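Colleague: Got a structure here, written out as C-alpha cells. Questions coming.
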Amino acid sequence: MRSGLRAIIAGAATLAVLALAGCGAATADGTADGKLSVVTSFYPLEFIARTVGGDAVHVTTLTAPGVEPHDLELTPKQVASIAEAKLVVYEKDLQPAVDEAVDQNAKDAGFDVAPVAQLEDTGADFEQHTGAAPIAHKDNALDPHFWLDPVRYAAVVKAVEEKLATVDSANAAGYHERAKALLAQIDALDTAYKTGLAHCRLTTFVTSHQAFAYLAKRYGLTMIGIAGFTPDAEPTPSRIKEVQDIVKAQHVTTIFYEELVSPKVAETIANDVGVQTAVLSPIEGLSDANSKDTYLTLMRRNLQELEKANGCS
C-alpha cells in the first residue's frame, strides 16, 4: 500500500518539480536568497547542517516537528525541494521515500551519511512484534541510530563539513570554523557520558524503542527494547512478559519511552511491575514540548535520566 502511494506521489512530484522550478525557491546554482540550498531528511542531520552551515546555508528539513521519521511520506512540494537543492543530506535505508526521491531527482546532490556512520548489526531486534509471528521491517539489518553515539555523530559532522566546503568552496573557512566548535561540544558530550556512566549500580535499561544500541555499546550498558524498529509497534504478550521478567530479575527502576509516540505500553509494564516511567529521547525529531532543545541539550538530558535510573555516581 505504502509503496504504491509513494509511486503515485513520485509521479505527481515529477510534474510538480517542473511547475515549481521557476517559483524562486532556489536559483540555478542551488542557492536560495544568496545562500547554499541544503535539504536534510530529519532532525539529527538538520542540526548538523544548520550548525556547520551557519548563515551561509538555507536548510530545509523533510521531517516536520512532531512527526515520527521512520514512516515519512513526501509531498510533491518536498520532492521538488530535493530536486532543486545543491546538497541533500540523508541516511539511506532509514526513510524509503527519501531514498526514492533522491534516486529519481537528486543523484548528484544526494549525500548519504550511512557509510561514514559505519552502521552495524548491533543485535537490536528490528522486527515488529505485532502478532504470533514477527514481521520483518523491510530488509535492513543495520542499526540506523548512529546519532545516539557521539563518536559516530562526530564522524558524520566531519563528513558534512567537508561536503559543504567542497560544494561551496567560497565559504569553506566558515564551515571549518563552525564544525570545529561543534566537534568540541560533541567531544565534551562523549566525555560526560564516559564519566557519568562509569560507575552505575545497574547497567541495564529498558526502553520502548530499540534506538539506543550504539549508545549502550559505547558506554558499557545493556539495552532492552520493548518494541522493535518501529517505535509505535505493539509488542506481543510474550515479549511484554519477557521484559517484565528482566525488570524484576535485574531490579530495573525505570521504563523509558519517547516523546513522539504513545507511552501506553511503557506505562502498562511499569504499573504491572511497580516501577516508574521517564522519557529517553531518541532525538529523531523535535516536538512542541522540546522545540527549544537541540541535539546537545537532549543528549545531556538523556545522560541525566540514565544516571538517575541506573544509580550512577
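By convention here, the chains of the C-alpha cells are called A, B, ... in the order presented, each chain's residues are numbered starting at 1, and ligands are numbered starting at 1 in the order presented.
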Compile the contact shell of region 281-293 of chain A as a ChimeraX atom specification: residues with an atom at most 12 Å away, counting only C-alpha atoms, same-chain residues fewer than 5 positions apart removed.
Modeller: /A:41-47,61-72,94-95,144-149,207-215,229,231,256-261,298-306
Colleague: Excluding same-chain residues fewer than 2 positions from Ala184 (chain A), what lies within 12 Å of it counting only C-alpha atoms, as a PyMOL selection string?
Modeller: chain A and resi 150-151+154+157-158+177-182+186-191+296
Colleague: Would you list the contacts of Ala114 (chain A) as an mmCIF file with N, CA, C and O atoms, in the first residue's frame, taking every protein, DNA or RNA residue within 7 Å and counting only C-alpha atoms, but skipping same-chain residues closer than 3 positions in sequence?
Modeller:
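Generated output (result37.cif):
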```
data_model
loop_
_atom_site.group_PDB
_atom_site.id
_atom_site.type_symbol
_atom_site.label_atom_id
_atom_site.label_comp_id
_atom_site.auth_asym_id
_atom_site.auth_seq_id
_atom_site.Cartn_x
_atom_site.Cartn_y
_atom_site.Cartn_z
ATOM 1 N N GLU A 91 20.105 9.702 5.225
ATOM 2 C CA GLU A 91 20.645 8.404 5.611
ATOM 3 C C GLU A 91 19.882 7.320 4.866
ATOM 4 O O GLU A 91 18.696 7.096 5.118
ATOM 5 N N LYS A 92 20.544 6.661 3.964
ATOM 6 C CA LYS A 92 19.888 5.652 3.142
ATOM 7 C C LYS A 92 19.360 4.502 3.992
ATOM 8 O O LYS A 92 19.994 4.096 4.956
ATOM 9 N N ALA A 117 28.912 6.796 8.937
ATOM 10 C CA ALA A 117 28.490 6.405 10.281
ATOM 11 C C ALA A 117 28.883 4.977 10.619
ATOM 12 O O ALA A 117 28.812 4.575 11.786
ATOM 13 N N GLN A 118 29.291 4.203 9.604
ATOM 14 C CA GLN A 118 29.723 2.819 9.795
ATOM 15 C C GLN A 118 28.688 2.016 10.574
ATOM 16 O O GLN A 118 28.955 1.475 11.658
ATOM 17 N N LEU A 119 27.485 1.944 10.008
ATOM 18 C CA LEU A 119 26.386 1.237 10.650
ATOM 19 C C LEU A 119 26.729 -0.231 10.857
ATOM 20 O O LEU A 119 27.425 -0.845 10.053
#
```
Colleague: With only C-alpha atoms as the basis for distance, which of A:Asp112, A:Asp121, A:Glu307, A:Glu161 is at the shortest distance from Thr204 (chain A)?
Modeller: A:Glu307
Colleague: As an exercise, work out the distance from CA of Arg239 (chain A) to CA of Glu120 (chain A) in Å and give it to one decimal place.
Modeller: 24.0 Å
Colleague: I want to know what sits within 10 Å of Asn171 (chain A), based on only C-alpha atoms, with residues of the same chain fewer than 5 positions away left out; could you give that as a PyMOL selection string?
Modeller: chain A and resi 36+53+56-57+164-166+176
Colleague: Write out as a PyMOL selection string all residues of region 106-290 of chain A that DSSP puts in alpha helix (DSSP H) for this structure's backbone.
Modeller: chain A and resi 114-117+150-167+172-196+213-218+237-250+264-273
Colleague: Between CA of Val206 (chain A) and CA of Tyr153 (chain A), what is the distance in Å, rounded to a tenth?
Modeller: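 Between CA of Val206 (chain A) and CA of Tyr153 (chain A) the gap is 22.9 Å.
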Colleague: Please indicate the distance in Å from CA of Gly220 (chain A) to CA of Thr297 (chain A), rounded to one decimal place.
Modeller: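 Taking CA of Gly220 (chain A) and CA of Thr297 (chain A), their separation equals 21.8 Å.
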Colleague: What parts of region 163-291 of chain A does DSSP call strand (DSSP E)? I'd like the answer as a list in words.
Modeller: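 The strand (DSSP E) subset of region 163-291 of chain A is Thr204, Phe205, Val206, Thr207, Thr222, Met223, Ile224, Gly225, Thr254, Ile255, Phe256, Tyr257, Gln276, Thr277, Ala278 and Val279 of chain A.
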Colleague: For the residues in the current selection, export all heavy atoms as a compact mmCIF listing (two decimals), in the first residue's frame.
Modeller:
```
# COMPACT_ATOMS: atom_id res chain seq x y z
N THR A 204 21.72 -2.18 33.00
CA THR A 204 20.63 -2.49 32.07
C THR A 204 19.60 -1.38 32.09
O THR A 204 19.24 -0.90 33.17
CB THR A 204 19.96 -3.83 32.43
OG1 THR A 204 20.91 -4.88 32.29
CG2 THR A 204 18.77 -4.11 31.53
N PHE A 205 19.12 -0.96 30.92
CA PHE A 205 17.99 -0.03 30.87
C PHE A 205 16.97 -0.55 29.87
O PHE A 205 17.32 -1.20 28.88
CB PHE A 205 18.43 1.40 30.55
CG PHE A 205 19.04 1.60 29.18
CD1 PHE A 205 18.29 2.12 28.15
CD2 PHE A 205 20.38 1.29 28.94
CE1 PHE A 205 18.84 2.34 26.89
CE2 PHE A 205 20.94 1.49 27.69
CZ PHE A 205 20.17 2.02 26.66
N VAL A 206 15.71 -0.24 30.12
CA VAL A 206 14.60 -0.73 29.31
C VAL A 206 13.95 0.45 28.62
O VAL A 206 13.60 1.45 29.26
CB VAL A 206 13.56 -1.48 30.18
CG1 VAL A 206 12.36 -1.91 29.33
CG2 VAL A 206 14.20 -2.69 30.84
N THR A 207 13.76 0.33 27.31
CA THR A 207 13.19 1.43 26.54
C THR A 207 12.18 0.91 25.54
O THR A 207 12.28 -0.22 25.06
CB THR A 207 14.31 2.21 25.80
OG1 THR A 207 13.73 3.25 25.02
CG2 THR A 207 15.11 1.29 24.91
N THR A 222 23.55 -2.20 28.76
CA THR A 222 22.75 -3.18 28.02
C THR A 222 21.36 -2.61 27.81
O THR A 222 20.68 -2.24 28.78
CB THR A 222 22.64 -4.50 28.80
OG1 THR A 222 23.95 -5.05 28.96
CG2 THR A 222 21.77 -5.50 28.04
N MET A 223 20.94 -2.51 26.56
CA MET A 223 19.61 -2.01 26.22
C MET A 223 18.64 -3.17 26.07
O MET A 223 18.92 -4.14 25.37
CB MET A 223 19.67 -1.21 24.92
CG MET A 223 18.31 -0.72 24.44
SD MET A 223 18.33 -0.15 22.70
CE MET A 223 18.52 -1.73 21.84
N ILE A 224 17.49 -3.05 26.69
CA ILE A 224 16.38 -3.98 26.50
C ILE A 224 15.24 -3.21 25.85
O ILE A 224 14.71 -2.27 26.44
CB ILE A 224 15.89 -4.60 27.82
CG1 ILE A 224 17.05 -5.31 28.54
CG2 ILE A 224 14.72 -5.55 27.57
CD1 ILE A 224 17.63 -6.47 27.78
N GLY A 225 14.89 -3.56 24.63
CA GLY A 225 13.83 -2.86 23.92
C GLY A 225 12.51 -3.60 24.00
O GLY A 225 12.47 -4.83 23.92
N THR A 254 13.21 1.89 36.07
CA THR A 254 12.53 2.83 35.16
C THR A 254 12.29 2.18 33.80
O THR A 254 13.17 1.50 33.27
CB THR A 254 13.39 4.09 34.95
OG1 THR A 254 13.72 4.65 36.23
CG2 THR A 254 12.65 5.13 34.12
N ILE A 255 11.09 2.40 33.25
CA ILE A 255 10.80 2.03 31.88
C ILE A 255 10.79 3.32 31.06
O ILE A 255 10.01 4.23 31.32
CB ILE A 255 9.42 1.34 31.74
CG1 ILE A 255 9.32 0.15 32.68
CG2 ILE A 255 9.19 0.93 30.28
CD1 ILE A 255 10.26 -0.98 32.35
N PHE A 256 11.67 3.42 30.08
CA PHE A 256 11.77 4.63 29.27
C PHE A 256 10.86 4.56 28.05
O PHE A 256 10.70 3.51 27.43
CB PHE A 256 13.22 4.83 28.79
CG PHE A 256 14.17 5.23 29.88
CD1 PHE A 256 15.17 4.36 30.30
CD2 PHE A 256 14.08 6.48 30.48
CE1 PHE A 256 16.07 4.72 31.29
CE2 PHE A 256 14.96 6.85 31.47
CZ PHE A 256 15.97 5.97 31.88
N TYR A 257 10.29 5.70 27.71
CA TYR A 257 9.53 5.84 26.47
C TYR A 257 9.98 7.12 25.79
O TYR A 257 10.83 7.84 26.31
CB TYR A 257 8.02 5.86 26.74
CG TYR A 257 7.53 7.04 27.56
CD1 TYR A 257 7.06 8.19 26.94
CD2 TYR A 257 7.53 7.00 28.96
CE1 TYR A 257 6.61 9.28 27.68
CE2 TYR A 257 7.09 8.08 29.70
CZ TYR A 257 6.63 9.21 29.06
OH TYR A 257 6.19 10.29 29.80
N GLN A 276 8.82 3.13 37.79
CA GLN A 276 8.42 4.41 37.23
C GLN A 276 8.70 4.47 35.73
O GLN A 276 9.36 3.60 35.17
CB GLN A 276 9.14 5.55 37.95
CG GLN A 276 10.66 5.52 37.79
CD GLN A 276 11.35 6.57 38.63
OE1 GLN A 276 10.71 7.36 39.31
NE2 GLN A 276 12.68 6.60 38.57
N THR A 277 8.20 5.53 35.10
CA THR A 277 8.49 5.78 33.69
C THR A 277 9.18 7.13 33.54
O THR A 277 9.07 8.00 34.40
CB THR A 277 7.21 5.79 32.83
OG1 THR A 277 6.33 6.84 33.31
CG2 THR A 277 6.50 4.45 32.88
N ALA A 278 9.92 7.28 32.45
CA ALA A 278 10.58 8.54 32.15
C ALA A 278 10.86 8.58 30.65
O ALA A 278 10.81 7.55 29.97
CB ALA A 278 11.88 8.68 32.94
N VAL A 279 11.15 9.77 30.15
CA VAL A 279 11.45 9.95 28.73
C VAL A 279 12.94 9.77 28.48
O VAL A 279 13.77 10.35 29.19
CB VAL A 279 11.00 11.34 28.24
CG1 VAL A 279 11.51 11.61 26.83
CG2 VAL A 279 9.48 11.46 28.28
```
Colleague: Using only C-alpha atoms, which residue out of A:Val167, A:Val273, A:Val116, A:Ala266 lies closest to Ile246 (chain A)?
Modeller: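 Closest candidate: A:Val273.
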